[in-house]
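Listing of input.txt; format and content: compact mmCIF, C-alpha atoms.
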```txt
# COMPACT_ATOMS: atom_id res chain seq x y z
CA MET A 1087 32.50 63.21 -24.56
CA ALA A 1088 29.74 61.14 -26.18
CA LYS A 1089 28.53 58.01 -24.38
CA ILE A 1090 29.24 54.69 -25.98
CA ASN A 1091 26.52 52.06 -26.18
CA LEU A 1092 27.94 48.61 -25.49
CA TYR A 1093 25.85 45.68 -26.66
CA ASN A 1094 26.05 42.20 -28.13
CA GLU A 1095 24.01 40.99 -31.06
CA GLN A 1096 24.48 37.37 -30.04
CA PRO A 1097 22.16 35.95 -27.37
CA ALA A 1098 23.65 34.74 -24.10
CA THR A 1099 24.99 31.22 -24.42
CA ALA A 1100 25.71 30.57 -20.75
CA THR A 1101 23.88 31.07 -17.46
CA SER A 1102 25.63 31.69 -14.16
CA VAL A 1103 24.16 29.74 -11.25
CA PRO A 1104 25.01 30.98 -7.73
CA ASN A 1105 27.08 28.48 -5.78
CA ILE A 1106 24.89 28.92 -2.73
CA PHE A 1107 21.94 27.66 -4.74
CA ILE A 1108 23.84 24.53 -5.79
CA ASP A 1109 25.30 23.88 -2.34
CA GLU A 1110 22.37 24.69 -0.09
CA TYR A 1111 19.06 24.92 -1.91
CA MET A 1112 19.20 22.55 -4.85
CA THR A 1113 20.03 19.45 -2.81
CA GLN A 1114 16.85 19.77 -0.71
CA ALA A 1115 14.41 20.87 -3.41
CA ASN A 1116 12.11 18.89 -5.66
CA GLY A 1117 13.72 18.26 -9.04
CA GLU A 1118 10.86 19.93 -10.91
CA TYR A 1119 11.25 23.03 -8.78
CA VAL A 1120 14.96 23.17 -9.61
CA LYS A 1121 14.17 22.98 -13.34
CA ILE A 1122 11.82 25.94 -13.11
CA TYR A 1123 14.31 27.99 -11.08
CA LEU A 1124 17.08 27.36 -13.63
CA TYR A 1125 14.75 28.15 -16.50
CA LEU A 1126 13.84 31.51 -14.97
CA LEU A 1127 17.48 32.21 -14.15
CA ARG A 1128 18.35 31.60 -17.78
CA SER A 1129 15.43 33.72 -18.97
CA ILE A 1130 16.39 36.73 -16.87
CA ASN A 1131 19.54 37.15 -18.95
CA GLU A 1132 17.42 37.93 -22.00
CA SER A 1133 16.40 41.54 -22.50
CA ASP A 1134 12.71 42.33 -22.07
CA ARG A 1135 11.82 38.71 -21.41
CA ARG A 1136 8.06 38.34 -21.10
CA PHE A 1137 6.10 35.14 -20.75
CA SER A 1138 3.04 33.70 -19.07
CA LEU A 1139 2.42 30.82 -16.69
CA SER A 1140 0.78 28.89 -19.51
CA GLN A 1141 3.90 29.25 -21.67
CA ILE A 1142 6.12 27.93 -18.88
CA ALA A 1143 3.66 25.10 -18.22
CA ASP A 1144 3.69 24.17 -21.91
CA HIS A 1145 7.47 24.27 -21.94
CA PHE A 1146 7.68 21.77 -19.07
CA ASP A 1147 4.58 19.79 -20.12
CA CYS A 1148 2.75 20.39 -16.85
CA ASN A 1149 -0.05 22.63 -15.61
CA GLU A 1150 -0.02 26.17 -14.26
CA ARG A 1151 -0.65 25.01 -10.69
CA ASP A 1152 2.65 23.11 -10.79
CA ILE A 1153 4.48 26.26 -11.89
CA LEU A 1154 2.84 28.38 -9.19
CA ARG A 1155 3.64 25.74 -6.58
CA ALA A 1156 7.33 25.88 -7.54
CA LEU A 1157 7.37 29.69 -7.51
CA ARG A 1158 5.79 29.82 -4.04
CA TYR A 1159 8.29 27.26 -2.80
CA TRP A 1160 11.21 29.45 -3.82
CA GLU A 1161 9.43 32.52 -2.47
CA LYS A 1162 9.20 30.89 0.96
CA LEU A 1163 12.95 30.32 0.84
CA ARG A 1164 13.39 34.03 -0.01
CA LEU A 1165 14.90 33.42 -3.43
CA PHE A 1166 11.95 35.00 -5.26
CA ARG A 1167 9.53 37.82 -4.61
CA LEU A 1168 6.27 37.33 -6.46
CA GLU A 1169 4.39 40.44 -7.54
CA TYR A 1170 0.66 40.61 -8.28
CA ASP A 1171 -1.58 43.09 -10.07
CA ASP A 1172 -4.89 44.51 -8.85
CA SER A 1173 -6.75 41.37 -9.96
CA HIS A 1174 -4.35 39.23 -7.88
CA SER A 1175 -2.81 37.70 -10.97
CA LEU A 1176 0.94 37.09 -11.05
CA SER A 1177 2.59 40.00 -12.80
CA GLY A 1178 6.26 39.80 -11.85
CA ILE A 1179 9.01 37.59 -10.46
CA CYS A 1180 11.95 39.25 -8.74
CA PHE A 1181 15.14 37.33 -7.87
CA LEU A 1182 16.27 38.01 -4.30
CA MET A 1183 19.53 36.10 -4.15
CA ASP A 1184 21.55 39.32 -3.99
CA GLU A 1185 19.36 40.65 -1.16
CA CYS A 1186 20.37 37.69 1.00
CA CYS A 1187 24.06 38.51 0.59
CA PRO A 1188 25.75 40.49 3.36
CA GLU A 1189 26.79 44.03 2.60
CA PRO A 1190 30.50 44.35 1.79
CA GLN A 1191 32.56 45.59 4.74
CA PRO A 1192 35.42 48.06 4.47
CA SER A 1193 37.66 45.82 6.55
CA ALA A 1194 39.92 43.39 4.79
CA GLU A 1195 38.16 40.14 4.08
CA SER A 1196 39.12 37.57 1.50
CA PRO A 1197 36.54 36.50 -1.11
CA SER A 1198 36.51 32.99 0.33
CA ASP A 1199 35.70 34.35 3.82
CA SER A 1200 32.88 36.42 2.41
CA ALA A 1201 31.49 33.44 0.51
CA ASN A 1202 31.64 31.25 3.61
CA ARG A 1203 29.88 33.89 5.69
CA PHE A 1204 27.16 34.20 3.06
CA LYS A 1205 26.78 30.43 2.95
CA ARG A 1206 26.47 30.16 6.74
CA ALA A 1207 23.95 33.01 6.90
CA ALA A 1208 21.72 31.55 4.19
CA SER A 1209 21.99 28.07 5.67
CA ASP A 1210 21.07 29.32 9.15
CA ILE A 1211 17.97 31.11 7.81
CA ARG A 1212 16.80 28.05 5.92
CA SER A 1213 17.65 25.57 8.71
CA ALA A 1214 15.89 27.64 11.39
CA ARG A 1215 12.78 27.93 9.26
CA SER A 1216 12.83 24.23 8.49
CA ARG A 1217 13.23 23.24 12.14
CA ASN A 1218 10.41 25.51 13.26
CA ASP A 1219 8.05 24.37 10.52
CA LEU A 1220 8.79 20.71 11.13
CA LYS A 1221 8.32 21.15 14.87
CA ARG A 1222 4.87 22.67 14.38
CA PHE A 1223 4.08 20.02 11.79
CA CYS A 1224 5.01 17.11 14.07
CA GLU A 1225 3.11 18.56 17.04
CA LYS A 1226 -0.22 17.95 15.30
CA GLU A 1227 -2.07 14.93 16.71
CA ASP A 1228 -3.06 13.49 13.32
CA VAL A 1229 0.48 14.02 12.03
CA ARG A 1230 2.04 12.18 14.98
CA GLU A 1231 -0.24 9.22 14.32
CA MET A 1232 0.50 9.38 10.60
CA VAL A 1233 4.28 9.42 11.22
CA PHE A 1234 3.99 6.42 13.54
CA ILE A 1235 2.00 4.46 10.95
CA ALA A 1236 4.43 5.49 8.18
CA GLU A 1237 7.34 4.14 10.22
CA GLN A 1238 5.47 0.87 10.69
CA TYR A 1239 4.90 0.57 6.95
CA LEU A 1240 8.49 1.48 6.03
CA GLY A 1241 10.03 -0.58 8.83
CA ARG A 1242 12.34 2.21 9.96
CA SER A 1243 12.40 5.55 11.71
CA LEU A 1244 11.84 8.59 9.51
CA SER A 1245 14.91 10.76 9.02
CA HIS A 1246 14.92 14.55 8.88
CA SER A 1247 15.07 14.31 5.09
CA ASP A 1248 12.07 11.96 5.06
CA LEU A 1249 10.08 14.37 7.22
CA ASP A 1250 11.04 17.23 4.87
CA ILE A 1251 9.50 15.34 1.95
CA ILE A 1252 6.34 14.46 3.86
CA PHE A 1253 6.07 18.03 5.19
CA ALA A 1254 6.19 19.29 1.60
CA TRP A 1255 3.20 17.06 0.76
CA TYR A 1256 1.34 18.52 3.71
CA ASP A 1257 2.38 22.15 3.29
CA GLU A 1258 3.02 22.62 -0.44
CA PHE A 1259 0.51 20.15 -1.87
CA GLY A 1260 -2.13 20.64 0.82
CA PHE A 1261 -2.48 16.90 1.52
CA SER A 1262 -4.33 15.74 4.61
CA ALA A 1263 -2.57 13.40 7.06
CA GLU A 1264 -5.02 10.67 6.05
CA LEU A 1265 -4.10 11.10 2.37
CA ILE A 1266 -0.37 10.90 3.19
CA GLU A 1267 -0.99 7.71 5.16
CA PHE A 1268 -2.96 6.27 2.23
CA LEU A 1269 -0.22 7.24 -0.23
CA ILE A 1270 2.47 5.49 1.82
CA GLU A 1271 0.32 2.43 2.50
CA ASN A 1272 -0.63 2.04 -1.16
CA SER A 1273 2.99 2.41 -2.31
CA VAL A 1274 4.29 -0.15 0.19
CA ALA A 1275 1.50 -2.54 -0.81
CA LYS A 1276 2.88 -2.39 -4.37
CA GLY A 1277 6.41 -3.14 -3.14
CA HIS A 1278 7.78 0.42 -3.21
CA THR A 1279 9.28 1.78 0.01
CA SER A 1280 11.27 4.65 -1.50
CA LEU A 1281 10.01 8.13 -0.69
CA HIS A 1282 11.34 9.25 -4.05
CA TYR A 1283 8.87 6.88 -5.71
CA MET A 1284 6.13 8.20 -3.43
CA GLN A 1285 7.13 11.75 -4.37
CA LYS A 1286 6.17 11.01 -7.97
CA ILE A 1287 2.79 9.70 -6.81
CA ALA A 1288 2.33 12.81 -4.64
CA GLU A 1289 3.11 15.06 -7.61
CA ASP A 1290 0.55 13.18 -9.70
CA TYR A 1291 -2.07 13.60 -6.95
CA ALA A 1292 -1.27 17.32 -6.78
CA ALA A 1293 -1.54 17.68 -10.55
CA ARG A 1294 -4.98 16.05 -10.39
CA GLU A 1295 -5.91 18.36 -7.47
CA ILE A 1296 -6.39 15.43 -5.10
CA HIS A 1297 -6.22 16.49 -1.45
CA THR A 1298 -8.16 13.84 0.48
CA ALA A 1299 -7.88 10.08 0.92
CA ASP A 1300 -11.38 9.57 -0.51
CA GLU A 1301 -10.40 11.31 -3.74
CA ALA A 1302 -7.28 9.13 -3.97
CA ARG A 1303 -9.37 6.00 -3.41
CA GLN A 1304 -11.65 7.00 -6.25
CA LEU A 1305 -8.58 7.37 -8.45
CA THR A 1306 -7.23 3.93 -7.49
CA GLY A 1307 -10.61 2.22 -7.63
CA GLN A 1308 -10.76 1.58 -3.89
CA THR A 1309 -14.01 3.44 -3.44
CA SER A 1310 -15.98 0.84 -1.48
CA ALA A 1311 -16.67 1.63 2.16
CA VAL A 1312 -16.83 -2.13 2.73
CA TYR A 1313 -13.27 -2.45 1.43
CA HIS A 1314 -11.82 -0.16 4.07
CA ALA A 1315 -14.08 -1.46 6.84
CA VAL A 1316 -12.86 -5.03 6.23
CA VAL A 1317 -9.21 -4.00 5.94
CA LYS A 1318 -9.49 -2.16 9.25
CA ALA A 1319 -11.42 -4.93 11.04
CA PHE A 1320 -8.90 -7.56 9.93
CA GLY A 1321 -5.95 -5.28 10.72
CA ILE A 1322 -4.53 -5.72 7.23
CA ARG A 1323 -1.63 -3.34 6.58
CA GLY A 1324 1.07 -3.05 3.96
CA ARG A 1325 -0.90 -4.66 1.12
CA ASN A 1326 -4.05 -4.33 -0.95
CA LEU A 1327 -6.73 -7.00 -1.09
CA ILE A 1328 -6.27 -9.58 -3.84
CA PRO A 1329 -9.08 -10.28 -6.37
CA ALA A 1330 -10.24 -13.42 -4.52
CA GLU A 1331 -10.70 -11.35 -1.35
CA THR A 1332 -12.49 -8.49 -3.06
CA GLY A 1333 -14.74 -11.17 -4.59
CA TYR A 1334 -15.90 -12.03 -1.08
CA LEU A 1335 -16.73 -8.37 -0.47
CA LYS A 1336 -18.83 -8.22 -3.60
CA THR A 1337 -20.71 -11.38 -2.60
CA TRP A 1338 -21.37 -10.16 0.94
CA SER A 1339 -22.53 -6.68 0.00
CA GLU A 1340 -24.25 -7.25 -3.34
CA LYS A 1341 -25.40 -10.86 -3.48
CA MET A 1342 -26.22 -11.40 0.21
CA GLY A 1343 -27.19 -7.77 0.78
CA PHE A 1344 -25.33 -7.29 4.06
CA SER A 1345 -24.57 -3.83 5.40
CA THR A 1346 -21.03 -2.67 6.16
CA GLU A 1347 -21.84 -2.96 9.88
CA LEU A 1348 -22.72 -6.67 9.64
CA ILE A 1349 -19.72 -7.47 7.46
CA THR A 1350 -17.45 -5.71 9.94
CA GLU A 1351 -19.06 -7.66 12.79
CA ALA A 1352 -18.38 -10.96 11.02
CA CYS A 1353 -14.73 -9.97 10.51
CA SER A 1354 -14.39 -8.96 14.17
CA ARG A 1355 -15.86 -12.29 15.31
CA THR A 1356 -13.39 -14.06 13.05
CA ILE A 1357 -10.45 -12.34 14.76
CA GLU A 1358 -11.90 -13.05 18.23
CA THR A 1359 -12.38 -16.74 17.44
CA ILE A 1360 -9.33 -17.81 15.42
CA HIS A 1361 -7.08 -14.79 16.14
CA GLU A 1362 -6.17 -14.18 12.49
CA PRO A 1363 -7.87 -12.71 9.41
CA SER A 1364 -9.73 -15.33 7.36
CA PHE A 1365 -12.15 -14.42 4.61
CA GLY A 1366 -13.34 -18.03 4.50
CA TYR A 1367 -14.23 -18.09 8.20
CA ALA A 1368 -15.99 -14.73 7.96
CA ASN A 1369 -17.86 -16.03 4.93
CA SER A 1370 -19.13 -19.03 6.94
CA ILE A 1371 -20.55 -16.64 9.56
CA LEU A 1372 -22.26 -14.50 6.95
CA GLU A 1373 -23.62 -17.51 5.08
CA LYS A 1374 -25.24 -18.72 8.31
CA TRP A 1375 -26.79 -15.31 8.89
CA HIS A 1376 -27.97 -15.25 5.28
CA ARG A 1377 -29.73 -18.60 5.69
CA GLN A 1378 -31.39 -17.30 8.87
CA GLY A 1379 -32.53 -14.14 7.08
CA ILE A 1380 -30.55 -11.86 9.40
CA LEU A 1381 -30.03 -8.34 8.05
CA SER A 1382 -29.44 -6.16 11.14
CA MET A 1383 -27.43 -6.11 14.34
CA ASP A 1384 -30.63 -6.43 16.40
CA GLU A 1385 -31.39 -9.66 14.61
CA VAL A 1386 -27.83 -10.83 15.22
CA LYS A 1387 -28.25 -10.21 18.95
CA LYS A 1388 -31.54 -12.11 19.02
CA ALA A 1389 -29.94 -15.02 17.16
CA ASP A 1390 -27.08 -15.00 19.66
CA GLU A 1391 -29.53 -15.10 22.57
CA SER A 1392 -31.47 -17.98 20.99
CA HIS A 1393 -28.23 -19.83 20.38
CA TRP A 1394 -27.07 -19.47 23.99
CA GLU A 1395 -30.50 -20.46 25.31
CA ALA A 1396 -30.38 -23.60 23.18
CA GLN A 1397 -26.86 -24.32 24.41
CA ARG A 1398 -27.89 -23.90 28.05
CA ALA A 1399 -30.93 -26.14 27.56
CA LYS A 1400 -28.80 -28.76 25.89
CA ARG A 1401 -26.26 -28.74 28.72
CA ALA A 1402 -29.04 -28.94 31.33
CA GLY A 1403 -30.66 -31.89 29.53
CA SER A 1404 -27.32 -33.63 29.29
CA ARG A 1405 -26.74 -33.31 33.04
CA GLN A 1406 -30.26 -34.65 33.83
CA THR A 1407 -29.81 -37.66 31.54
CA ASN A 1408 -26.50 -38.50 33.15
CA ALA A 1409 -28.04 -38.29 36.63
CA SER A 1410 -30.98 -40.64 35.76
CA ASN A 1411 -28.67 -43.21 34.23
CA ARG A 1412 -26.24 -43.28 37.15
CA PHE A 1413 -27.59 -46.51 38.75
CA ILE A 1414 -28.86 -48.07 35.57
CA ASN A 1415 -25.37 -48.01 34.18
CA PHE A 1416 -23.98 -49.68 37.34
CA ARG A 1417 -22.99 -53.29 36.64
CA GLN A 1418 -25.48 -55.55 38.46
CA ARG A 1419 -24.29 -58.54 40.51
CA ASP A 1420 -25.33 -62.05 39.40
CA ASN A 1421 -24.75 -63.91 42.75
CA ASN A 1422 -26.97 -66.95 43.72
CA TYR A 1423 -28.06 -65.99 47.23
CA ASP A 1424 -29.61 -69.47 47.97
CA GLU A 1425 -26.29 -71.16 47.42
CA ILE A 1426 -24.55 -68.57 49.56
CA GLN A 1427 -27.07 -69.19 52.37
CA ASP A 1428 -26.49 -72.99 52.22
CA ILE A 1429 -22.74 -72.48 52.39
CA LEU A 1430 -23.03 -70.23 55.44
CA ILE A 1431 -25.29 -72.81 57.25
CA GLN A 1432 -22.86 -75.66 56.56
CA ASN A 1433 -19.94 -73.59 57.82
CA SER A 1434 -21.78 -72.80 61.04
CA MET A 1435 -22.56 -76.48 61.73
CA GLN A 1436 -18.95 -77.56 61.41
```

Could you render the structure from this file as structure tokens?
Amino acid sequence: MAKINLYNEQPATATSVPNIFIDEYMTQANGEYVKIYLYLLRSINESDRRFSLSQIADHFDCNERDILRALRYWEKLRLFRLEYDDSHSLSGICFLMDECCPEPQPSAESPSDSANRFKRAASDIRSARSRNDLKRFCEKEDVREMVFIAEQYLGRSLSHSDLDIIFAWYDEFGFSAELIEFLIENSVAKGHTSLHYMQKIAEDYAAREIHTADEARQLTGQTSAVYHAVVKAFGIRGRNLIPAETGYLKTWSEKMGFSTELITEACSRTIETIHEPSFGYANSILEKWHRQGILSMDEVKKADESHWEAQRAKRAGSRQTNASNRFINFRQRDNNYDEIQDILIQNSMQ
């Protein structure tokens, strides 16, 4: 009997999305990653579907690195297998959802039981991986410090979901702990404490291939070493410097010609003296140094020694003056001793 070729001239008008993807994977993934997964799932239903990374990037108005980042994310969760040619260029994408499903058993098992078992198995694989990765992530010294600072900025403890997002910045985007701290600090300074807002900033950094805090500072215009030295010396957190404050920095570094070391010293002395950050007080210190022609820490130390010597000499002179005036300042008696003598003689004769 001749074989019958069954086909449809109309393209597919619907795409089937596995429930496990909706229930378990989609809720935890970046929205852009979900878009790319669904796009590829829809494309696989078309016969002989061929495309390039650039075509996908153009379709989503992003760059090829964003597409590769999404593909590698799904590959780590074992939903894709990426294939490469001899030149290490991406040549194929294989869906692995069916490979994660348990083999059908001959024993009687309802479809709902099978679906639940599949769901539990996939969830256990993903949860175990997530717990192990997060544990290793949080054991890093710089990460522990970054998490502590992030909690101070946000005013709350980070949840597991929060750590998942931050871990993605570290692992998927390749951000340093310092860059993550800068991202959170800069967002909070602008009044945004939502990690979803910060996720958009992180994606923008990744698209611009920014991986260090210095690169991010160049992007935001906070490139001055003096800027960060002053912020650190004053202990300013959760906000950026206002224009009036950055004006002081420009005056100190450009007009007066002070080094970052001297400016930091003036800020530290301000905190030690009045116990709070004050650009005006620090400016008075630097203006005095400027009038004295001080331009190095050695000169500052010499000026301090001269100041204390003058203070000691002044105190010593004050004590000597007080001692010499002790009797002069005593109120002198104005008694008439001749009259007193006459009175005593008369009393003795009576």

| query | Near segment 1273-1290 of chain A, within 12 Å and counting only C-alpha atoms, which residues show up once chain neighbours fewer than 5 positions away are dropped, as JSON, numbers by chain? | reply | {"A": [1115, 1116, 1117, 1118, 1119, 1148, 1149, 1151, 1152, 1155, 1156, 1235, 1236, 1237, 1238, 1239, 1240, 1241, 1242, 1244, 1245, 1247, 1248, 1249, 1250, 1251, 1252, 1253, 1254, 1255, 1256, 1258, 1259, 1260, 1261, 1262, 1265, 1266, 1267, 1268, 1295, 1296, 1297, 1298, 1299, 1302, 1305, 1306, 1322, 1323, 1324, 1325, 1326, 1327, 1328]}

| request: Determine, counting only C-alpha atoms, which protein, DNA and RNA residues have an atom within 9 Å of an atom of Ser1138 of chain A; residues of the same chain fewer than 5 positions away are not included. Present the result as a ChimeraX atom specification. | output: /A:1143,1176-1177

Return the padded bounding box of segment 1338-1356 of chain A as AutoDock Vina command-line options: axis-aligned, built from all atoms listed in the file, 5 Å added on each side, with centre and edge lengths in Å to one decimal.
```
--center_x -20.3 --center_y -8.4 --center_z 5.9 --size_x 23.8 --size_y 21.4 --size_z 28.8
```

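Each of A:Asp1257, A:Gly1366, A:Asp1109, A:Ile1130 was compared to Lys1162 of chain A using only C-alpha atoms, and A:Asp1257 turns out to be the nearest.
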
| field | Spatial neighbours of segment 1347-1364 of chain A, 7 Å, all atoms listed in the file, chain gap at least 6 places, as a list in words | value |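 My list of contacting residues is Ala1315, Val1316, Ala1319, Phe1320, Ile1371, Leu1372, Ser1382 and Met1383 of chain A.
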
| message | So that I can check the surroundings of segment 1376-1378 of chain A, please list as a PyMOL selection string every protein, DNA and RNA residue that reaches within 10 Å of it, counting all atoms listed in the file and ignoring chain neighbours fewer than 3 positions away. | response | chain A and resi 1338+1342-1344+1370-1373+1381+1385-1386+1389

Take the residues from that selection and write them out as a short mmCIF file (atom, residue, chain, number, x, y, z; two decimals), in the coordinates of the input, keeping C-alpha atoms.
```
data_model
loop_
_atom_site.label_atom_id
_atom_site.label_comp_id
_atom_site.auth_asym_id
_atom_site.auth_seq_id
_atom_site.Cartn_x
_atom_site.Cartn_y
_atom_site.Cartn_z
CA TRP A 1338 -21.37 -10.16 0.94
CA MET A 1342 -26.22 -11.40 0.21
CA GLY A 1343 -27.19 -7.77 0.78
CA PHE A 1344 -25.33 -7.29 4.06
CA SER A 1370 -19.13 -19.03 6.94
CA ILE A 1371 -20.55 -16.64 9.56
CA LEU A 1372 -22.26 -14.50 6.95
CA GLU A 1373 -23.62 -17.51 5.08
CA LEU A 1381 -30.03 -8.34 8.05
CA GLU A 1385 -31.39 -9.66 14.61
CA VAL A 1386 -27.83 -10.83 15.22
CA ALA A 1389 -29.94 -15.02 17.16
#
```

| How many Å lie between atom CA of Glu1110 of chain A and atom CA of Arg1167 of chain A, rounded to one decimal? | 18.9 Å

| field | Given all atoms listed in the file as the counted atoms, nearest of A:Cys1180, A:Ala1293, A:Ala1100, A:Met1112 to Ile1153 of chain A | value | A:Ala1293

| request: Could you check how far atom CA of Met1232 of chain A sits from atom CA of Ser1345 of chain A, in Å to one decimal? | output: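 It comes out at 28.8 Å.
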
| field | Proximity to Lys1318 of chain A - best of A:Gly1178, A:Thr1346, A:Phe1166, A:Trp1394, all atoms listed in the file | value |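 Smallest distance to Lys1318 of chain A is found for A:Thr1346.
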
| request: Enter the distance from atom CA of Phe1146 of chain A to atom CA of Arg1164 of chain A, in Å, rounded to one decimal. | output: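 We find that atom CA of Phe1146 of chain A and atom CA of Arg1164 of chain A lie 23.4 Å from each other.
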